[in-house]
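Shown here: final-v3.tsv, TSV, C-alpha atoms.
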```tsv
chain	number	residue	atom	x	y	z
A	1	MET	CA	63.57	115.63	129.79
A	2	SER	CA	59.90	116.31	130.24
A	3	ASP	CA	59.57	116.85	126.50
A	4	GLN	CA	60.61	113.29	125.94
A	5	THR	CA	58.08	111.92	128.43
A	6	GLU	CA	55.30	113.89	126.82
A	7	LEU	CA	56.27	112.62	123.42
A	8	THR	CA	56.49	109.06	124.59
A	9	GLN	CA	52.99	109.44	125.95
A	10	SER	CA	51.81	110.86	122.64
A	11	TYR	CA	53.20	107.90	120.72
A	12	ILE	CA	51.41	105.49	122.99
A	13	THR	CA	48.08	107.26	122.74
A	14	ALA	CA	48.30	107.74	118.98
A	15	LEU	CA	49.49	104.27	118.09
A	16	GLY	CA	47.53	102.34	120.68
A	17	ASP	CA	48.17	98.63	120.69
A	18	ALA	CA	50.53	98.83	117.68
A	19	VAL	CA	53.30	99.62	120.16
A	20	SER	CA	53.85	96.74	122.54
A	21	GLU	CA	56.49	98.48	124.66
A	22	VAL	CA	58.24	101.82	124.95
A	23	VAL	CA	61.80	101.87	126.26
A	24	VAL	CA	63.45	105.14	127.24
A	25	PHE	CA	67.16	104.90	127.90
A	26	ARG	CA	69.24	108.07	128.30
A	27	ASP	CA	66.63	110.12	126.45
A	28	GLU	CA	66.57	107.72	123.53
A	29	VAL	CA	63.08	106.45	122.80
A	30	THR	CA	62.60	102.98	121.37
A	31	LEU	CA	59.19	101.77	120.28
A	32	ILE	CA	58.94	98.00	120.24
A	33	VAL	CA	56.45	96.93	117.62
A	34	PRO	CA	55.11	93.57	116.41
A	35	LYS	CA	56.56	92.86	112.98
A	36	ALA	CA	53.20	92.82	111.20
A	37	ARG	CA	52.56	96.42	112.19
A	38	VAL	CA	55.91	98.02	111.31
A	39	VAL	CA	54.62	99.58	108.09
A	40	GLU	CA	51.60	101.04	109.86
A	41	VAL	CA	53.72	102.53	112.67
A	42	LEU	CA	56.31	104.01	110.29
A	43	THR	CA	53.58	105.53	108.12
A	44	HIS	CA	52.06	107.16	111.19
A	45	LEU	CA	55.41	108.50	112.39
A	46	ARG	CA	56.20	109.88	108.94
A	47	ASP	CA	52.85	111.56	108.30
A	48	ALA	CA	51.50	112.54	111.70
A	49	GLN	CA	54.71	112.93	113.72
A	50	LYS	CA	56.83	114.50	110.94
A	51	PHE	CA	59.67	111.97	110.98
A	52	GLU	CA	60.59	112.64	107.36
A	53	MET	CA	63.84	110.73	107.21
A	54	LEU	CA	64.84	107.10	107.67
A	55	SER	CA	68.41	107.60	108.92
A	56	ASP	CA	69.21	103.92	109.13
A	57	GLU	CA	67.68	100.53	108.94
A	58	THR	CA	69.64	97.69	110.41
A	59	CYS	CA	69.41	94.34	112.11
A	60	VAL	CA	70.93	92.76	115.21
A	61	ASP	CA	71.55	89.05	115.78
A	62	TYR	CA	70.94	88.16	119.47
A	63	TYR	CA	71.89	84.56	118.71
A	64	PRO	CA	71.07	82.32	121.70
A	65	ARG	CA	67.92	84.30	122.41
A	66	GLU	CA	64.62	83.65	120.75
A	67	PRO	CA	63.25	85.74	118.99
A	68	ARG	CA	66.69	85.96	117.50
A	69	PHE	CA	66.77	89.00	115.18
A	70	GLY	CA	66.01	92.62	116.05
A	71	MET	CA	65.08	94.83	113.09
A	72	ILE	CA	65.83	98.46	113.86
A	73	TYR	CA	64.56	101.58	112.12
A	74	GLN	CA	66.18	104.89	113.07
A	75	LEU	CA	63.94	107.80	112.22
A	76	THR	CA	64.91	111.47	112.22
A	77	SER	CA	62.62	114.46	112.14
A	78	LEU	CA	64.42	117.39	110.54
A	79	SER	CA	61.58	119.83	111.23
A	80	ARG	CA	61.32	118.89	114.92
A	81	GLY	CA	64.98	118.04	115.49
A	82	MET	CA	64.21	114.67	117.03
A	83	LYS	CA	65.02	111.03	116.67
A	84	VAL	CA	63.11	107.88	117.46
A	85	ARG	CA	63.93	104.20	117.12
A	86	VAL	CA	61.45	101.53	116.08
A	87	LYS	CA	62.33	97.94	116.79
A	88	ALA	CA	60.68	94.68	115.75
A	89	MET	CA	61.81	91.24	116.94
A	90	LEU	CA	61.89	88.35	114.47
A	91	SER	CA	62.03	84.64	115.09
A	92	GLU	CA	64.92	82.62	113.65
A	93	TYR	CA	62.45	80.26	111.99
A	94	ASP	CA	60.36	83.00	110.38
A	95	ALA	CA	62.85	85.73	109.53
A	96	THR	CA	60.57	87.64	107.19
A	97	LEU	CA	58.77	90.92	107.52
A	98	PRO	CA	57.01	93.42	105.26
A	99	SER	CA	59.27	95.80	103.34
A	100	VAL	CA	59.06	99.51	104.17
A	101	VAL	CA	60.20	100.70	100.74
A	102	GLY	CA	56.66	102.03	100.22
A	103	VAL	CA	57.07	104.32	103.23
A	104	TYR	CA	60.71	105.41	102.93
A	105	ARG	CA	62.23	104.89	99.50
A	106	ASN	CA	65.82	104.82	100.73
A	107	ALA	CA	64.98	101.59	102.53
A	108	ASN	CA	65.49	99.83	99.21
A	109	TRP	CA	69.27	99.43	99.40
A	110	LEU	CA	69.28	99.20	103.21
A	111	GLU	CA	66.95	96.21	103.03
A	112	ARG	CA	69.07	94.63	100.30
A	113	GLU	CA	72.08	94.99	102.60
A	114	ILE	CA	70.23	93.37	105.52
A	115	TYR	CA	69.05	90.56	103.27
A	116	ASP	CA	72.59	90.05	101.99
A	117	LEU	CA	74.39	90.04	105.33
A	118	MET	CA	71.71	88.74	107.72
A	119	GLY	CA	69.33	86.76	105.54
A	120	ILE	CA	66.14	88.58	106.54
A	121	VAL	CA	63.59	88.31	103.74
A	122	PHE	CA	61.52	91.42	103.02
A	123	GLU	CA	58.10	90.71	101.58
A	124	GLY	CA	57.08	93.13	98.85
A	125	HIS	CA	60.60	94.44	98.23
A	126	PRO	CA	60.89	95.47	94.55
A	127	ASP	CA	64.41	94.08	93.93
A	128	LEU	CA	65.70	91.81	96.70
A	129	ARG	CA	69.21	90.88	95.48
A	130	ARG	CA	72.59	90.76	97.19
A	131	ILE	CA	74.30	94.16	97.30
A	132	MET	CA	77.62	93.66	99.14
A	133	MET	CA	78.73	90.07	98.59
A	134	PRO	CA	79.24	88.45	95.17
A	135	LEU	CA	75.93	87.31	93.66
A	136	ASP	CA	76.93	83.62	93.89
A	137	TRP	CA	77.85	83.86	97.59
A	138	GLN	CA	76.49	81.14	99.87
A	139	GLY	CA	75.10	82.11	103.27
A	140	HIS	CA	74.74	85.37	105.16
A	141	PRO	CA	78.07	86.37	106.69
A	142	LEU	CA	76.97	88.65	109.57
A	143	ARG	CA	74.95	85.90	111.23
A	144	LYS	CA	76.55	84.65	114.41
A	145	GLU	CA	76.86	81.04	113.24
A	146	VAL	CA	79.39	82.21	110.63
A	147	PRO	CA	82.91	81.88	112.08
A	148	VAL	CA	84.75	85.17	112.67
A	149	THR	CA	87.98	83.98	111.04
A	150	VAL	CA	88.35	82.00	107.83
A	151	GLU	CA	91.94	80.92	108.36
A	152	GLU	CA	93.77	79.69	111.44
A	153	ASN	CA	95.99	82.42	112.88
A	154	ALA	CA	99.59	81.92	111.76
A	155	PHE	CA	102.29	81.12	114.29
A	156	SER	CA	105.77	79.71	113.74
A	157	PHE	CA	104.62	76.16	114.54
A	158	ASN	CA	101.56	75.90	112.28
A	159	ARG	CA	102.84	77.62	109.14
A	160	GLU	CA	103.05	74.37	107.17
A	161	ARG	CA	99.54	73.31	108.15
A	162	ILE	CA	98.12	76.59	106.86
A	163	ASP	CA	100.13	76.41	103.63
A	164	ALA	CA	98.93	72.83	103.02
A	165	GLY	CA	95.29	73.92	103.11
A	166	LYS	CA	95.75	77.12	101.13
A	167	PRO	CA	94.66	77.30	97.46
A	168	PHE	CA	97.78	78.75	95.85
A	169	ALA	CA	97.33	80.22	92.39
A	170	GLN	CA	99.00	78.76	89.34
A	171	GLU	CA	100.38	80.72	86.37
B	172	MET	CA	128.50	110.99	77.15
B	173	GLY	CA	130.39	110.46	80.41
B	174	LEU	CA	131.03	106.73	80.57
B	175	GLU	CA	132.70	106.12	77.21
B	176	GLN	CA	135.09	109.02	77.65
B	177	LYS	CA	136.22	107.67	81.00
B	178	LEU	CA	136.66	104.14	79.77
B	179	GLY	CA	138.08	105.06	76.38
B	180	ASP	CA	137.04	102.91	73.48
B	181	MET	CA	134.90	100.13	74.94
B	182	GLY	CA	134.93	98.15	71.73
B	183	VAL	CA	133.01	94.92	72.11
B	184	VAL	CA	131.39	93.67	75.31
B	185	THR	CA	130.61	89.98	75.45
B	186	THR	CA	127.88	88.52	77.63
B	187	SER	CA	125.28	85.80	77.42
B	188	LEU	CA	121.95	86.63	75.81
B	189	GLU	CA	120.18	85.52	78.95
B	190	LYS	CA	122.08	88.03	81.08
B	191	ALA	CA	121.57	90.82	78.58
B	192	VAL	CA	117.84	90.18	78.39
B	193	GLY	CA	117.54	89.87	82.16
B	194	TRP	CA	119.41	93.16	82.59
B	195	ALA	CA	117.19	94.91	80.06
B	196	ARG	CA	113.99	93.56	81.55
B	197	SER	CA	114.89	94.31	85.15
B	198	ASN	CA	115.79	97.94	84.47
B	199	ALA	CA	112.68	98.88	82.53
B	200	LEU	CA	109.83	97.48	84.60
B	201	TRP	CA	106.55	99.24	84.11
B	202	PRO	CA	104.26	98.82	87.10
B	203	MET	CA	100.52	98.93	86.74
B	204	LEU	CA	98.62	101.87	88.23
B	205	PHE	CA	96.62	99.80	90.65
B	206	GLY	CA	96.01	100.65	94.29
B	207	LEU	CA	93.47	98.96	96.53
B	208	ALA	CA	93.91	100.49	99.98
B	209	CYS	CA	96.23	102.48	102.23
B	210	CYS	CA	99.35	100.75	100.81
B	211	ALA	CA	98.61	102.62	97.59
B	212	ILE	CA	99.39	105.88	99.40
B	213	GLU	CA	102.87	104.58	100.21
B	214	MET	CA	103.19	103.37	96.63
B	215	MET	CA	102.38	106.90	95.40
B	216	SER	CA	104.92	108.32	97.79
B	217	THR	CA	107.51	105.85	96.47
B	218	GLN	CA	106.84	107.25	93.02
B	219	ALA	CA	106.98	110.88	94.13
B	220	PRO	CA	110.20	112.95	94.00
B	221	ARG	CA	111.41	112.23	97.54
B	222	TYR	CA	111.85	108.49	96.92
B	223	ASP	CA	111.79	108.73	93.13
B	224	LEU	CA	111.00	105.36	91.64
B	225	SER	CA	112.30	106.55	88.26
B	226	ARG	CA	115.81	105.88	89.55
B	227	PHE	CA	114.95	102.23	88.89
B	228	GLY	CA	113.55	102.79	85.41
B	229	MET	CA	109.92	102.57	86.51
B	230	GLU	CA	108.67	106.13	86.61
B	231	LEU	CA	105.67	105.30	84.46
B	232	MET	CA	102.72	103.74	86.22
B	233	ARG	CA	100.76	102.29	83.34
B	234	ALA	CA	97.02	102.79	83.55
B	235	SER	CA	96.44	99.86	81.21
B	236	PRO	CA	97.40	96.28	82.06
B	237	ARG	CA	98.40	95.71	78.43
B	238	GLN	CA	101.32	98.10	78.81
B	239	ALA	CA	102.47	96.87	82.22
B	240	ASP	CA	104.73	94.02	83.24
B	241	LEU	CA	104.70	94.46	87.01
B	242	MET	CA	101.64	94.33	89.22
B	243	ILE	CA	102.10	95.84	92.68
B	244	VAL	CA	99.10	94.61	94.67
B	245	ALA	CA	98.87	97.46	97.18
B	246	GLY	CA	96.22	96.71	99.75
B	247	ARG	CA	93.71	94.11	100.86
B	248	VAL	CA	91.85	92.26	98.13
B	249	SER	CA	88.19	91.62	98.86
B	250	ARG	CA	86.54	88.46	97.57
B	251	LYS	CA	84.52	90.58	95.18
B	252	MET	CA	87.67	92.26	93.84
B	253	ALA	CA	89.52	88.94	93.37
B	254	PRO	CA	88.14	88.06	89.90
B	255	VAL	CA	88.86	91.63	88.73
B	256	LEU	CA	92.46	91.37	89.92
B	257	ARG	CA	92.92	88.02	88.20
B	258	ASN	CA	91.41	89.45	85.02
B	259	LEU	CA	93.89	92.35	85.08
B	260	TYR	CA	96.75	89.90	85.64
B	261	ASP	CA	95.61	87.78	82.70
B	262	GLN	CA	95.52	90.88	80.48
B	263	MET	CA	99.15	91.73	81.18
B	264	PRO	CA	101.50	90.48	78.45
B	265	ASP	CA	104.30	88.03	79.33
B	266	PRO	CA	106.81	88.37	80.92
B	267	LYS	CA	105.09	89.63	84.05
B	268	TRP	CA	105.76	89.75	87.76
B	269	VAL	CA	103.74	90.40	90.91
B	270	ILE	CA	104.73	92.11	94.15
B	271	ALA	CA	102.40	91.57	97.11
B	272	MET	CA	102.81	94.86	98.94
B	273	GLY	CA	101.98	94.91	102.64
B	274	ASP	CA	100.61	92.40	105.10
B	275	CYS	CA	97.07	92.30	103.69
B	276	ALA	CA	98.16	91.39	100.18
B	277	SER	CA	100.71	88.91	101.54
B	278	CYS	CA	98.59	86.96	104.03
B	279	GLY	CA	95.33	88.78	104.76
B	280	GLY	CA	96.92	90.85	107.54
B	281	VAL	CA	94.46	91.93	110.21
B	282	PHE	CA	91.50	91.11	107.97
B	283	ASN	CA	91.16	87.43	108.77
B	284	ASN	CA	87.50	87.29	107.76
B	285	TYR	CA	85.03	86.16	105.12
B	286	ALA	CA	85.30	89.29	102.99
B	287	VAL	CA	89.04	89.42	102.32
B	288	VAL	CA	91.29	87.06	100.36
B	289	GLN	CA	93.90	85.55	102.70
B	290	GLY	CA	96.93	86.50	100.67
B	291	VAL	CA	96.85	87.48	97.02
B	292	ASP	CA	98.88	84.32	96.20
B	293	GLU	CA	95.52	82.52	96.19
B	294	ILE	CA	94.69	84.31	92.93
B	295	VAL	CA	97.96	85.26	91.20
B	296	PRO	CA	101.50	83.86	91.51
B	297	VAL	CA	103.53	86.23	93.67
B	298	ASP	CA	107.26	86.87	93.18
B	299	VAL	CA	108.11	89.13	96.10
B	300	TYR	CA	106.26	89.69	99.38
B	301	VAL	CA	106.84	93.04	101.07
B	302	ALA	CA	106.05	93.09	104.79
B	303	GLY	CA	104.73	96.11	106.67
B	304	CYS	CA	101.43	97.72	107.47
B	305	PRO	CA	101.82	99.71	105.31
B	306	PRO	CA	105.46	99.24	104.25
B	307	ARG	CA	107.53	102.40	104.08
B	308	PRO	CA	108.72	103.46	100.61
B	309	GLU	CA	112.22	102.18	101.45
B	310	THR	CA	110.75	98.74	102.11
B	311	LEU	CA	108.92	98.71	98.81
B	312	ILE	CA	112.08	99.84	96.99
B	313	ASP	CA	113.96	97.01	98.72
B	314	GLY	CA	111.32	94.59	97.44
B	315	ILE	CA	111.67	96.02	93.95
B	316	ILE	CA	115.46	95.60	94.05
B	317	LYS	CA	114.95	92.00	95.21
B	318	LEU	CA	112.68	91.51	92.20
B	319	HIS	CA	115.34	93.02	89.93
B	320	GLU	CA	117.82	90.43	91.19
B	321	LYS	CA	115.30	87.70	90.62
B	322	ILE	CA	114.58	88.85	87.05
B	323	LYS	CA	118.31	89.06	86.25
B	324	SER	CA	118.79	85.45	87.27
B	325	GLU	CA	115.68	84.11	85.52
B	326	PRO	CA	116.25	81.68	82.64
B	327	LEU	CA	115.06	82.88	79.24
B	328	LYS	CA	113.04	79.74	78.68
B	329	LYS	CA	110.76	80.51	81.61
B	330	TRP	CA	108.58	82.81	79.50
B	331	GLN	CA	108.36	80.70	76.36
```
Represent the structure of the file as structure tokens.
Amino acid sequence: MSDQTELTQSYITALGDAVSEVVVFRDEVTLIVPKARVVEVLTHLRDAQKFEMLSDETCVDYYPREPRFGMIYQLTSLSRGMKVRVKAMLSEYDATLPSVVGVYRNANWLEREIYDLMGIVFEGHPDLRRIMMPLDWQGHPLRKEVPVTVEENAFSFNRERIDAGKPFAQE
Amino acid sequence: MGLEQKLGDMGVVTTSLEKAVGWARSNALWPMLFGLACCAIEMMSTQAPRYDLSRFGMELMRASPRQADLMIVAGRVSRKMAPVLRNLYDQMPDPKWVIAMGDCASCGGVFNNYAVVQGVDEIVPVDVYVAGCPPRPETLIDGIIKLHEKIKSEPLKKWQ
């Protein structure tokens, strides 16, 4: 799509060095941005490029790799009928980045969800509490170091072993 | 009505108090209106005219735990729901029974992960486990009949 190429070029010229890389895969444009400049890039895309809506904000754990976490912002432009993805990589040892609640207000709960499940800390978030897990939950369950299963799978030969370790309720 | 005329004058029937109480309890169970997931759909269908749970004296699903004596845990219980479920169980007056309906309530089922309780017997004492994903209404009715048998043979002193 020539449209797409033109647009990609326009992002690069408008944003300058705020975009470190542009990836186009099957007509999907991804702007890779350093984490300190996410707010600036999203503000530009909202105001100048008419991406009015934050469709989704999410995070990916690429565990053995460093930087480990990929923060992803999916933007939609209703007036132009287009989508763009903004991605910022975070180190495991410094998993913080500025909150974008000031740019898109629906990021509030999305960022709480990411904090809850992935443990990314958003600086400047108005109310960074857990949203999915119980408030006294320890750890962040969607991180890859968390085991997938909590209980050994039951077979006929290990039934007793599972029952021995299971906290059965009393009256 | 019909029965006395057929039998003539029944006069006096002797039985033990334990048996009489067990019979009365088992035939007037009131389940709690409490569905957590897809098993609840089968539970509703069990109640509906085709399978007709009122044949077993339990046509009323009580919306309040204080009026119920049977809890049918229909569906997977998330860790966040677990304290709520235990709270509802504690609010039910004695005597009370629990049916774990379906694989998820019995042992976690396919949800062997951090978010789901691995069997509702970790939170409340379960009397009957009903297998199936979800169990058909016949299976649930079979579990209920098993529970009836259990209640009939329970000693009176158990609920003191």
Quick one: everything within 9 Å of Pro34 (chain A), counting all atoms listed in the file, minus sequence neighbours fewer than 5 positions away in the same chain. Send it as a list in words.
Ala18, Val19, Ser20, Lys87, Ala88, Met89 and Leu90 of chain A
Around the point (94.4, 90.5, 101.2) (coordinates from the file), which residues reach within 12 Å if we count all atoms listed in the file? Answer as a JSON list (two decimals) with C-alpha atoms, keeping the file's coordinate frame.
```
[["chain", "number", "residue", "atom", "x", "y", "z"],
["B", 207, "LEU", "CA", 93.47, 98.96, 96.53],
["B", 208, "ALA", "CA", 93.91, 100.49, 99.98],
["B", 210, "CYS", "CA", 99.35, 100.75, 100.81],
["B", 244, "VAL", "CA", 99.10, 94.61, 94.67],
["B", 245, "ALA", "CA", 98.87, 97.46, 97.18],
["B", 246, "GLY", "CA", 96.22, 96.71, 99.75],
["B", 247, "ARG", "CA", 93.71, 94.11, 100.86],
["B", 248, "VAL", "CA", 91.85, 92.26, 98.13],
["B", 249, "SER", "CA", 88.19, 91.62, 98.86],
["B", 250, "ARG", "CA", 86.54, 88.46, 97.57],
["B", 251, "LYS", "CA", 84.52, 90.58, 95.18],
["B", 252, "MET", "CA", 87.67, 92.26, 93.84],
["B", 253, "ALA", "CA", 89.52, 88.94, 93.37],
["B", 256, "LEU", "CA", 92.46, 91.37, 89.92],
["B", 271, "ALA", "CA", 102.40, 91.57, 97.11],
["B", 272, "MET", "CA", 102.81, 94.86, 98.94],
["B", 273, "GLY", "CA", 101.98, 94.91, 102.64],
["B", 274, "ASP", "CA", 100.61, 92.40, 105.10],
["B", 275, "CYS", "CA", 97.07, 92.30, 103.69],
["B", 276, "ALA", "CA", 98.16, 91.39, 100.18],
["B", 277, "SER", "CA", 100.71, 88.91, 101.54],
["B", 278, "CYS", "CA", 98.59, 86.96, 104.03],
["B", 279, "GLY", "CA", 95.33, 88.78, 104.76],
["B", 280, "GLY", "CA", 96.92, 90.85, 107.54],
["B", 281, "VAL", "CA", 94.46, 91.93, 110.21],
["B", 282, "PHE", "CA", 91.50, 91.11, 107.97],
["B", 283, "ASN", "CA", 91.16, 87.43, 108.77],
["B", 284, "ASN", "CA", 87.50, 87.29, 107.76],
["B", 285, "TYR", "CA", 85.03, 86.16, 105.12],
["B", 286, "ALA", "CA", 85.30, 89.29, 102.99],
["B", 287, "VAL", "CA", 89.04, 89.42, 102.32],
["B", 288, "VAL", "CA", 91.29, 87.06, 100.36],
["B", 289, "GLN", "CA", 93.90, 85.55, 102.70],
["B", 290, "GLY", "CA", 96.93, 86.50, 100.67],
["B", 291, "VAL", "CA", 96.85, 87.48, 97.02],
["B", 292, "ASP", "CA", 98.88, 84.32, 96.20],
["B", 293, "GLU", "CA", 95.52, 82.52, 96.19],
["B", 294, "ILE", "CA", 94.69, 84.31, 92.93],
["B", 295, "VAL", "CA", 97.96, 85.26, 91.20],
["B", 304, "CYS", "CA", 101.43, 97.72, 107.47]]
```
So, with only C-alpha atoms as the atoms that count, which of A:Val146, A:Cys59, A:Met118, A:Leu42 lies closest to chain B?
A:Val146
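Going from CA of Thr58 (chain A) over to CA of Glu113 (chain A), you cover 8.6 Å.
Take CA of Val29 (chain A) and CA of Gly16 (chain A): the distance between them is 16.2 Å.
When only C-alpha atoms are used to measure the gap to chain B, the shortest distance among A:His140, A:Arg129, A:Arg105, A:Arg68 belongs to A:His140.
For the atom pair formed by CA of Tyr222 (chain B) and CA of Glu309 (chain B), the distance is 7.8 Å, given to one decimal.
The shell of residues at most 8 Å from Met229 (chain B), with all atoms listed in the file counted and near chain neighbours (fewer than 4 positions) removed, consists of Asn198, Ala199, Leu200, Trp201, Pro202, Leu224 and Ser225 of chain B.
Distances to chain B were evaluated for A:Asn106, A:Ser91, A:Thr149, A:Thr13 using all atoms listed in the file, and the minimum falls at A:Thr149.
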Taking all listed atoms of region 164-168 of chain A, build the axis-aligned box, pad each of the six sides by 4 Å, then write its centre and edge lengths in Å to one decimal as lines of an AutoDock Vina configuration file.
```
center_x = 96.8
center_y = 75.8
center_z = 99.5
size_x = 12.3
size_y = 13.9
size_z = 15.3
```
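Look at Glu152 (chain A): the protein and nucleic acid residues within 10 Å of it, using all atoms listed in the file and passing over chain neighbours fewer than 3 places away, are Thr149, Phe155, Asn158, Arg159, Arg161 and Ile162 of chain A; Asn283 of chain B.
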Hey, could you make a per-residue contact list for chain A against chain B with 12 Å as the cut-off, showing the nearest pair of atoms and its distance in Å to one decimal, counting all atoms listed in the file, sorted by chain and number, as a tab-separated table?
```
residue	atom	partner	partner_atom	distance
A:Leu117	CA	B:Ala286	CA	11.2
A:Ile131	CA	B:Lys251	CA	11.0
A:Met132	CA	B:Lys251	CA	8.5
A:Met133	CA	B:Lys251	CA	6.7
A:Pro134	CA	B:Lys251	CA	5.7
A:Leu135	CA	B:Lys251	CA	9.3
A:Asp136	CA	B:Lys251	CA	10.4
A:Trp137	CA	B:Lys251	CA	9.8
A:Gln138	CA	B:Tyr285	CA	11.2
A:Gly139	CA	B:Tyr285	CA	10.9
A:His140	CA	B:Tyr285	CA	10.3
A:Pro141	CA	B:Tyr285	CA	7.1
A:Leu142	CA	B:Tyr285	CA	9.5
A:Arg143	CA	B:Tyr285	CA	11.8
A:Val146	CA	B:Tyr285	CA	8.8
A:Pro147	CA	B:Asn284	CA	8.3
A:Val148	CA	B:Asn284	CA	6.0
A:Thr149	CA	B:Asn284	CA	4.7
A:Val150	CA	B:Asn284	CA	5.4
A:Glu151	CA	B:Asn283	CA	6.6
A:Glu152	CA	B:Asn283	CA	8.6
A:Asn153	CA	B:Asn283	CA	8.1
A:Ala154	CA	B:Cys278	CA	9.3
A:Arg159	CA	B:Cys278	CA	11.5
A:Ile162	CA	B:Gln289	CA	10.7
A:Asp163	CA	B:Cys278	CA	10.7
A:Gly165	CA	B:Glu293	CA	11.0
A:Lys166	CA	B:Glu293	CA	7.3
A:Pro167	CA	B:Glu293	CA	5.4
A:Phe168	CA	B:Glu293	CA	4.4
A:Ala169	CA	B:Glu293	CA	4.8
A:Gln170	CA	B:Pro296	CA	6.1
A:Glu171	CA	B:Pro296	CA	6.1
```
Which polymer residues, whether protein, DNA or RNA, lie within 12 Å of the coordinate (96.9, 101.7, 80.9) when you count all atoms listed in the file? List them as a ChimeraX atom specification, using the chain letters and numbers from the file.
/B:201-205,231-240,259,262-263
Restricting it to C-alpha atoms, dump the selection as a PDB file, keeping the file's coordinate frame.
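Final output, saved to selection-v6.pdb:
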```pdb
ATOM      1  CA  TRP B 201     106.550  99.240  84.110  1.00  0.00           C
ATOM      2  CA  PRO B 202     104.260  98.820  87.100  1.00  0.00           C
ATOM      3  CA  MET B 203     100.520  98.930  86.740  1.00  0.00           C
ATOM      4  CA  LEU B 204      98.620 101.870  88.230  1.00  0.00           C
ATOM      5  CA  PHE B 205      96.620  99.800  90.650  1.00  0.00           C
ATOM      6  CA  LEU B 231     105.670 105.300  84.460  1.00  0.00           C
ATOM      7  CA  MET B 232     102.720 103.740  86.220  1.00  0.00           C
ATOM      8  CA  ARG B 233     100.760 102.290  83.340  1.00  0.00           C
ATOM      9  CA  ALA B 234      97.020 102.790  83.550  1.00  0.00           C
ATOM     10  CA  SER B 235      96.440  99.860  81.210  1.00  0.00           C
ATOM     11  CA  PRO B 236      97.400  96.280  82.060  1.00  0.00           C
ATOM     12  CA  ARG B 237      98.400  95.710  78.430  1.00  0.00           C
ATOM     13  CA  GLN B 238     101.320  98.100  78.810  1.00  0.00           C
ATOM     14  CA  ALA B 239     102.470  96.870  82.220  1.00  0.00           C
ATOM     15  CA  ASP B 240     104.730  94.020  83.240  1.00  0.00           C
ATOM     16  CA  LEU B 259      93.890  92.350  85.080  1.00  0.00           C
ATOM     17  CA  GLN B 262      95.520  90.880  80.480  1.00  0.00           C
ATOM     18  CA  MET B 263      99.150  91.730  81.180  1.00  0.00           C
TER      19      MET B 263
END
```
List as a PyMOL selection string the protein and nucleic acid residues near Lys190 (chain B), meaning an atom at most 10 Å away when only C-alpha atoms are counted, but skip any in the same chain fewer than 6 places from it.
chain B and resi 196+322-327
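For Lys328 (chain B), the list of residues within 12 Å, based on all atoms listed in the file and with local chain neighbours fewer than 5 positions off taken out, reads Leu188, Glu189, Val192, Gly193 and Pro266 of chain B.
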Quick one: contact table of region 212-260 of chain B to region 312-318 of chain B, 12 Å max, nearest atom pair and distance in Å to one decimal per residue, counting all atoms listed in the file, chain and number order, as CSV?
```
residue,atom,partner,partner_atom,distance
B:Glu213,CA,B:Ile312,CA,10.8
B:Met214,CA,B:Ile312,CA,9.6
B:Ser216,CA,B:Ile312,CA,11.1
B:Thr217,CA,B:Ile312,CA,7.6
B:Gln218,CA,B:Ile312,CA,9.9
B:Tyr222,CA,B:Ile312,CA,8.7
B:Asp223,CA,B:Ile312,CA,9.7
B:Leu224,CA,B:Ile312,CA,7.8
B:Ser225,CA,B:Ile312,CA,11.0
B:Arg226,CA,B:Ile312,CA,10.3
B:Phe227,CA,B:Ile316,CA,8.4
B:Gly228,CA,B:Ile315,CA,11.1
B:Met229,CA,B:Ile315,CA,10.1
B:Leu241,CA,B:Ile315,CA,10.0
B:Met242,CA,B:Ile315,CA,11.2
B:Ile243,CA,B:Ile315,CA,9.7
```
